[in-house]
file work01.txt (compact mmCIF, C-alpha atoms)
# COMPACT_ATOMS: atom_id res chain seq x y z
CA MET A 279 90.11 9.71 67.06
CA SER A 280 89.75 8.94 63.36
CA LEU A 281 92.77 7.99 61.28
CA VAL A 282 92.34 11.11 59.12
CA ARG A 283 92.29 13.36 62.21
CA PHE A 284 95.41 11.64 63.57
CA VAL A 285 97.30 12.08 60.31
CA GLU A 286 96.32 15.78 60.19
CA GLN A 287 97.71 16.36 63.69
CA VAL A 288 100.95 14.55 62.84
CA VAL A 289 101.40 16.63 59.68
CA ARG A 290 100.64 19.83 61.61
CA GLY A 291 103.22 18.92 64.23
CA ILE A 292 105.86 18.23 61.57
CA ARG A 293 105.20 21.60 59.93
CA GLN A 294 105.46 23.42 63.27
CA THR A 295 108.71 21.62 64.06
CA ARG A 296 110.17 22.58 60.69
CA SER A 297 109.20 26.24 61.12
CA MET A 298 110.69 26.53 64.61
CA PRO A 299 114.33 27.61 64.89
CA ARG A 300 116.79 25.04 66.14
CA SER A 301 118.48 25.64 69.48
CA ILE A 302 122.23 26.12 69.21
CA TRP A 303 123.13 25.58 72.87
CA LYS A 304 121.70 24.05 76.05
CA GLY A 305 122.79 24.88 79.56
CA ALA A 306 121.65 26.60 82.73
CA ILE A 307 121.62 30.09 84.23
CA SER A 308 123.15 30.17 87.70
CA PHE A 309 121.00 32.71 89.60
CA GLY A 310 122.41 32.52 93.13
CA LEU A 311 121.33 29.11 94.42
CA VAL A 312 118.65 28.88 91.74
CA THR A 313 119.43 26.96 88.54
CA ILE A 314 117.45 27.74 85.37
CA PRO A 315 117.82 25.19 82.54
CA VAL A 316 117.60 27.05 79.22
CA LYS A 317 117.94 26.66 75.47
CA LEU A 318 119.60 29.28 73.30
CA PHE A 319 118.21 30.41 69.94
CA SER A 320 119.67 32.98 67.57
CA ALA A 321 117.46 36.08 67.57
CA THR A 322 118.66 37.39 64.22
CA GLU A 323 119.26 36.14 60.69
CA GLU A 324 121.06 37.73 57.77
CA LYS A 325 118.82 38.59 54.80
CA ASP A 326 121.62 39.54 52.44
CA ILE A 327 121.72 37.91 49.00
CA SER A 328 124.58 35.42 48.69
CA PHE A 329 126.40 34.76 45.43
CA ARG A 330 128.49 31.86 44.20
CA GLN A 331 131.74 32.26 42.35
CA VAL A 332 131.19 30.87 38.85
CA HIS A 333 132.81 30.60 35.44
CA PRO A 334 130.91 33.21 33.35
CA GLU A 335 131.22 31.19 30.14
CA ASP A 336 129.29 28.13 31.34
CA GLY A 337 128.01 28.99 34.86
CA GLY A 338 130.11 26.27 36.49
CA ARG A 339 130.90 26.76 40.18
CA ILE A 340 134.47 27.57 41.17
CA LYS A 341 135.80 25.11 43.74
CA TYR A 342 138.82 25.43 45.99
CA LYS A 343 141.12 22.72 47.27
CA ARG A 344 142.76 22.63 50.68
CA VAL A 345 146.41 22.23 49.75
CA CYS A 346 149.41 22.19 52.08
CA GLU A 347 151.85 24.94 51.07
CA LYS A 348 154.85 22.76 51.99
CA CYS A 349 154.17 19.32 50.54
CA GLY A 350 151.56 20.31 47.95
CA LYS A 351 149.15 17.56 49.03
CA GLU A 352 145.38 18.10 49.22
CA ILE A 353 144.36 17.67 52.87
CA PRO A 354 140.90 16.33 53.85
CA TYR A 355 138.98 18.64 56.19
CA ALA A 356 138.94 15.98 58.94
CA GLU A 357 142.75 15.94 59.01
CA ILE A 358 143.22 19.71 59.30
CA ALA A 359 144.51 20.92 62.68
CA LYS A 360 144.57 24.36 64.28
CA GLY A 361 147.89 26.17 64.40
CA TYR A 362 148.96 29.42 66.08
CA GLU A 363 151.80 31.30 64.39
CA LEU A 364 154.22 32.97 66.78
CA PRO A 365 155.79 36.37 65.98
CA ASP A 366 159.08 34.62 65.08
CA GLY A 367 157.32 32.43 62.48
CA ARG A 368 157.14 29.20 64.47
CA MET A 369 153.85 27.33 64.22
CA VAL A 370 152.33 25.84 67.39
CA ILE A 371 149.96 22.99 66.46
CA LEU A 372 147.06 22.32 68.87
CA ALA A 373 145.15 19.03 69.02
CA PRO A 374 141.49 18.66 70.11
CA GLU A 375 142.58 17.25 73.49
CA ASP A 376 144.57 20.42 74.13
CA PHE A 377 141.36 22.46 73.98
CA ASP A 378 139.49 19.92 76.13
CA ALA A 379 142.07 20.38 78.89
CA LEU A 380 141.50 24.14 79.13
CA PRO A 381 139.56 25.31 82.23
CA LEU A 382 136.21 26.63 80.95
CA ALA A 383 133.74 26.53 83.82
CA THR A 384 131.02 28.29 81.81
CA THR A 385 130.79 25.60 79.09
CA LYS A 386 127.26 24.61 80.08
CA ALA A 387 126.51 27.34 82.59
CA VAL A 388 125.55 31.01 82.37
CA GLU A 389 127.12 32.58 85.43
CA VAL A 390 125.55 35.81 86.70
CA VAL A 391 128.36 38.05 87.91
CA GLN A 392 126.66 41.44 88.30
CA PHE A 393 123.40 43.37 87.91
CA VAL A 394 123.49 46.74 86.15
CA ALA A 395 121.14 49.28 84.60
CA GLU A 396 120.77 48.55 80.89
CA GLU A 397 121.60 52.13 79.92
CA ASP A 398 124.96 51.81 81.71
CA VAL A 399 126.23 49.41 79.04
CA ASP A 400 127.66 51.02 75.91
CA PRO A 401 125.92 49.40 72.86
CA THR A 402 129.34 49.25 71.19
CA TYR A 403 130.01 46.18 73.33
CA PHE A 404 127.04 44.22 71.92
CA ASN A 405 127.98 41.49 69.47
CA LYS A 406 125.05 39.12 68.80
CA THR A 407 121.54 38.65 70.25
CA TYR A 408 119.93 35.37 71.35
CA PHE A 409 116.58 34.24 72.75
CA LEU A 410 116.70 32.31 76.02
CA GLN A 411 113.95 29.69 76.38
CA ALA A 412 113.19 27.84 79.61
CA ASP A 413 113.94 24.12 79.30
CA GLY A 414 111.85 21.57 81.20
CA PRO A 415 111.66 22.43 84.92
CA GLY A 416 113.27 25.81 84.28
CA VAL A 417 109.98 27.58 83.48
CA LYS A 418 109.17 28.87 86.98
CA PRO A 419 112.69 30.10 87.90
CA TYR A 420 112.89 31.62 84.37
CA VAL A 421 109.74 33.65 85.09
CA LEU A 422 111.15 34.55 88.52
CA LEU A 423 114.34 35.99 87.00
CA ARG A 424 112.43 37.76 84.22
CA ASP A 425 109.95 39.45 86.57
CA ALA A 426 112.65 40.35 89.10
CA LEU A 427 114.69 42.07 86.36
CA ILE A 428 111.62 43.96 85.15
CA LYS A 429 110.66 45.22 88.62
CA SER A 430 114.21 46.16 89.57
CA GLY A 431 114.96 47.81 86.23
CA GLN A 432 118.21 45.88 86.07
CA SER A 433 119.96 43.60 83.57
CA ALA A 434 122.25 40.67 84.38
CA VAL A 435 125.89 40.68 83.34
CA VAL A 436 126.92 37.06 82.78
CA LYS A 437 129.79 34.93 81.55
CA VAL A 438 129.06 32.13 79.09
CA ALA A 439 131.03 29.84 76.76
CA LEU A 440 129.75 29.51 73.20
CA ARG A 441 131.60 27.57 70.52
CA SER A 442 134.57 26.98 72.84
CA ARG A 443 135.00 30.69 73.51
CA GLU A 444 134.11 32.44 76.74
CA ALA A 445 132.16 35.65 76.34
CA LEU A 446 130.71 38.40 78.45
CA ALA A 447 126.97 38.85 77.93
CA LEU A 448 123.97 40.84 79.08
CA ILE A 449 120.59 39.25 79.89
CA ARG A 450 117.56 41.54 79.80
CA PRO A 451 113.78 41.05 79.59
CA LYS A 452 111.81 42.11 76.52
CA ALA A 453 108.23 41.28 75.51
CA GLY A 454 108.01 38.42 78.03
CA VAL A 455 111.25 36.80 76.90
CA LEU A 456 114.80 36.92 78.22
CA LEU A 457 117.29 38.13 75.62
CA MET A 458 121.01 37.50 75.88
CA HIS A 459 123.40 39.87 74.10
CA THR A 460 126.93 38.52 73.82
CA MET A 461 129.50 41.26 74.30
CA LEU A 462 133.02 42.04 73.22
CA TRP A 463 135.79 42.17 75.80
CA PRO A 464 137.17 45.64 76.64
CA ASP A 465 140.45 44.98 74.81
CA GLU A 466 138.48 44.15 71.64
CA LEU A 467 137.16 47.71 71.32
CA ARG A 468 139.37 50.02 69.34
CA ASP A 469 140.35 53.49 70.51
CA GLY A 470 138.36 55.91 68.34
CA SER A 471 140.03 59.10 69.48
CA PHE A 472 141.75 59.37 66.09
CA ALA A 473 138.36 60.06 64.48
CA ALA A 474 137.55 63.08 66.67
CA PRO A 475 137.58 66.47 64.86
CA PRO A 476 140.26 68.99 65.86
CA GLU A 477 139.38 70.91 69.02
CA ASP A 478 139.84 74.27 67.30
CA VAL A 479 136.91 73.64 64.92
CA THR A 480 133.77 75.37 66.23
CA VAL A 481 130.25 76.12 64.99
CA SER A 482 128.03 79.13 65.66
CA ASP A 483 124.89 79.18 67.82
CA ALA A 484 122.80 79.86 64.70
CA GLU A 485 124.16 76.70 63.04
CA VAL A 486 123.46 74.59 66.12
CA THR A 487 119.92 76.02 66.42
CA MET A 488 119.17 75.24 62.78
CA ALA A 489 120.61 71.74 63.19
CA GLN A 490 118.29 71.23 66.17
CA SER A 491 115.37 72.35 64.01
CA PHE A 492 116.26 69.65 61.48
CA ILE A 493 116.44 67.07 64.28
CA ASP A 494 113.02 68.17 65.57
CA ALA A 495 111.56 67.92 62.06
CA LEU A 496 112.61 64.26 61.78
CA ALA A 497 112.05 63.28 65.42
CA GLY A 498 109.56 60.48 66.10
CA ASP A 499 109.03 57.01 67.51
CA PHE A 500 111.31 54.33 66.11
CA ASN A 501 109.32 51.74 64.14
CA PRO A 502 111.71 49.29 62.43
CA GLU A 503 108.89 48.17 60.10
CA ASP A 504 108.97 51.60 58.45
CA PHE A 505 112.41 50.89 56.99
CA THR A 506 113.41 48.50 54.20
CA ASP A 507 116.64 47.40 52.59
CA SER A 508 116.25 49.20 49.25
CA TYR A 509 119.55 47.86 47.93
CA ARG A 510 118.57 44.23 48.58
CA GLU A 511 115.16 44.81 46.99
CA ALA A 512 116.81 46.31 43.90
CA LEU A 513 119.29 43.42 43.77
CA GLU A 514 116.48 40.86 43.99
CA ALA A 515 114.65 42.64 41.16
CA LEU A 516 117.85 42.59 39.09
CA VAL A 517 118.35 38.85 39.64
CA GLN A 518 114.70 38.16 38.79
CA SER A 519 114.89 40.25 35.61
CA LYS A 520 118.06 38.45 34.51
CA ALA A 521 116.41 35.07 35.20
CA GLU A 522 113.37 36.03 33.11
CA GLY A 523 115.43 37.65 30.36
CA VAL A 524 113.65 40.98 30.76
CA PRO A 525 115.77 44.16 30.92
CA LEU A 526 115.44 46.12 34.15
CA ALA A 527 114.15 49.68 33.86
CA GLU A 528 116.93 52.18 34.42
CA GLU A 529 116.69 54.48 37.41
CA PRO A 530 117.30 58.19 36.70
CA GLU A 531 120.62 59.41 38.03
CA ALA A 532 120.41 61.63 41.08
CA PRO A 533 121.77 65.10 40.39
CA GLN A 534 125.11 65.77 42.03
CA GLU A 535 124.99 68.64 44.50
CA ALA A 536 127.69 71.22 44.66
CA GLU A 537 129.77 71.64 47.81
CA VAL A 538 127.77 73.45 50.48
CA VAL A 539 129.48 76.35 52.22
CA ASP A 540 126.54 78.02 54.01
CA LEU A 541 125.55 75.45 56.66
CA VAL A 542 122.57 77.47 57.90
CA ALA A 543 121.08 77.77 54.40
CA ALA A 544 121.65 74.09 53.73
CA LEU A 545 120.01 73.09 57.02
CA ARG A 546 117.08 75.43 56.42
CA ALA A 547 116.48 73.73 53.05
CA SER A 548 116.82 70.34 54.73
CA VAL A 549 114.20 71.25 57.34
CA GLU A 550 111.73 72.29 54.65
CA ALA A 551 112.37 69.08 52.69
CA ALA A 552 111.97 66.98 55.84
CA LYS A 553 108.66 68.63 56.73
CA LYS A 554 107.38 68.07 53.19
CA ARG A 555 108.36 64.37 53.27
CA ARG A 556 106.66 63.91 56.64
CA GLU A 557 103.45 65.56 55.43
CA GLU A 558 103.43 63.36 52.34
CA ALA A 559 104.03 60.24 54.43
CA GLU A 560 101.21 61.12 56.85
CA SER A 561 98.86 61.82 53.93
CA ALA A 562 99.71 58.45 52.40
CA LYS A 563 98.98 56.64 55.68
CA ALA A 564 95.65 58.44 56.04
CA MET A 565 94.46 57.27 52.61
call {"tool": "encode", "arguments": {"input": "work01.txt", "output": "structure tokens"}}
result
Amino acid sequence: MSLVRFVEQVVRGIRQTRSMPRSIWKGAISFGLVTIPVKLFSATEEKDISFRQVHPEDGGRIKYKRVCEKCGKEIPYAEIAKGYELPDGRMVILAPEDFDALPLATTKAVEVVQFVAEEDVDPTYFNKTYFLQADGPGVKPYVLLRDALIKSGQSAVVKVALRSREALALIRPKAGVLLMHTMLWPDELRDGSFAAPPEDVTVSDAEVTMAQSFIDALAGDFNPEDFTDSYREALEALVQSKAEGVPLAEEPEAPQEAEVVDLVAALRASVEAAKKRREEAESAKAM
């Protein structure tokens, strides 16, 4: 191999390494007597635009100091401890060794506790999604678990500890990969009964039928690529225009609609508008 060829391969490997996400956790799935070493990767990333707090006169960043409210001293981050405030105002201070002594069997293990149908789990429980990647000798048992879940139509309910906190999670196969959705505990879901409309409020059959017509007019396959974050795009354009010193073109204000009393008439107009938008969208795709 020539020196030039060797250097090209090294550079290519460095670029691939930089583009790959970094694993945030390593452990093993306990699948009966089978152990599956895995790495965990975040499956999502926030695309929101972040801002810094600045002094508008000179653009200087605003900085904050960590100051003790009792003695007034600035405390270095390394010297800050965790405290739990009791209802009576007392503060219980916990040291790192206190956390190390807690029994957390799932620190490096993903324990399968049950198999359920995916549709049996309320999506309200889902918190964050991760990719599970087989690590080293875990490839074959990883494929075994993946294929067994696919053929059985089941998902695995597991317990796992991430960032010193035990969580319930759901492992399911998708596009050849095992996904793990961390879940909230039952006592972390709020009771939403307060948001339910009064039971004495009813709608007519004609209103329901027209509402169904509107649903049918907009029904279709869900393609996430068809949707964009228009607010973020507008915000990016605003930032770019400010950076270039060019004023941003003003968008015309949307006319404010009066309060609608006739639901059937409003839905009928909505159906017609939805059909028109769909026809225009299909015509645009065909061009």
call {"tool": "closest_residue", "arguments": {"input": "work01.txt", "among": "A:Ala359, A:Asp413, A:Leu427, A:Glu396", "to": "Ser301 in chain A", "atoms": "all atoms listed in the file"}}
result
A:Asp413
call {"tool": "closest_atom_pairs", "arguments": {"input": "work01.txt", "of": "range 398-443 of chain A", "to": "range 449-469 of chain A", "cutoff": "7 Å", "atoms": "all atoms listed in the file", "output": "tab-separated table"}}
result
residue	atom	partner	partner_atom	distance
A:Tyr403	CA	A:Met461	CA	5.0
A:Phe404	CA	A:Met461	CA	4.5
A:Asn405	CA	A:Met461	CA	5.1
A:Lys406	CA	A:Thr460	CA	5.4
A:Thr407	CA	A:His459	CA	4.4
A:Tyr408	CA	A:Met458	CA	5.1
A:Phe409	CA	A:Leu457	CA	4.9
A:Leu410	CA	A:Leu456	CA	5.4
A:Arg424	CA	A:Pro451	CA	5.8
A:Leu427	CA	A:Pro451	CA	6.9
A:Ile428	CA	A:Pro451	CA	6.6
A:Ser433	CA	A:Arg450	CA	4.9
A:Ala434	CA	A:Ile449	CA	5.0
A:Val435	CA	A:Ile449	CA	6.5
call {"tool": "atom_distance", "arguments": {"input": "work01.txt", "atom1": "CA of Asp378 in chain A", "atom2": "CA of Ile358 in chain A"}}
result
17.2 Å
call {"tool": "atom_distance", "arguments": {"input": "work01.txt", "atom1": "CA of Ile493 in chain A", "atom2": "CA of Asp507 in chain A"}}
result
22.9 Å
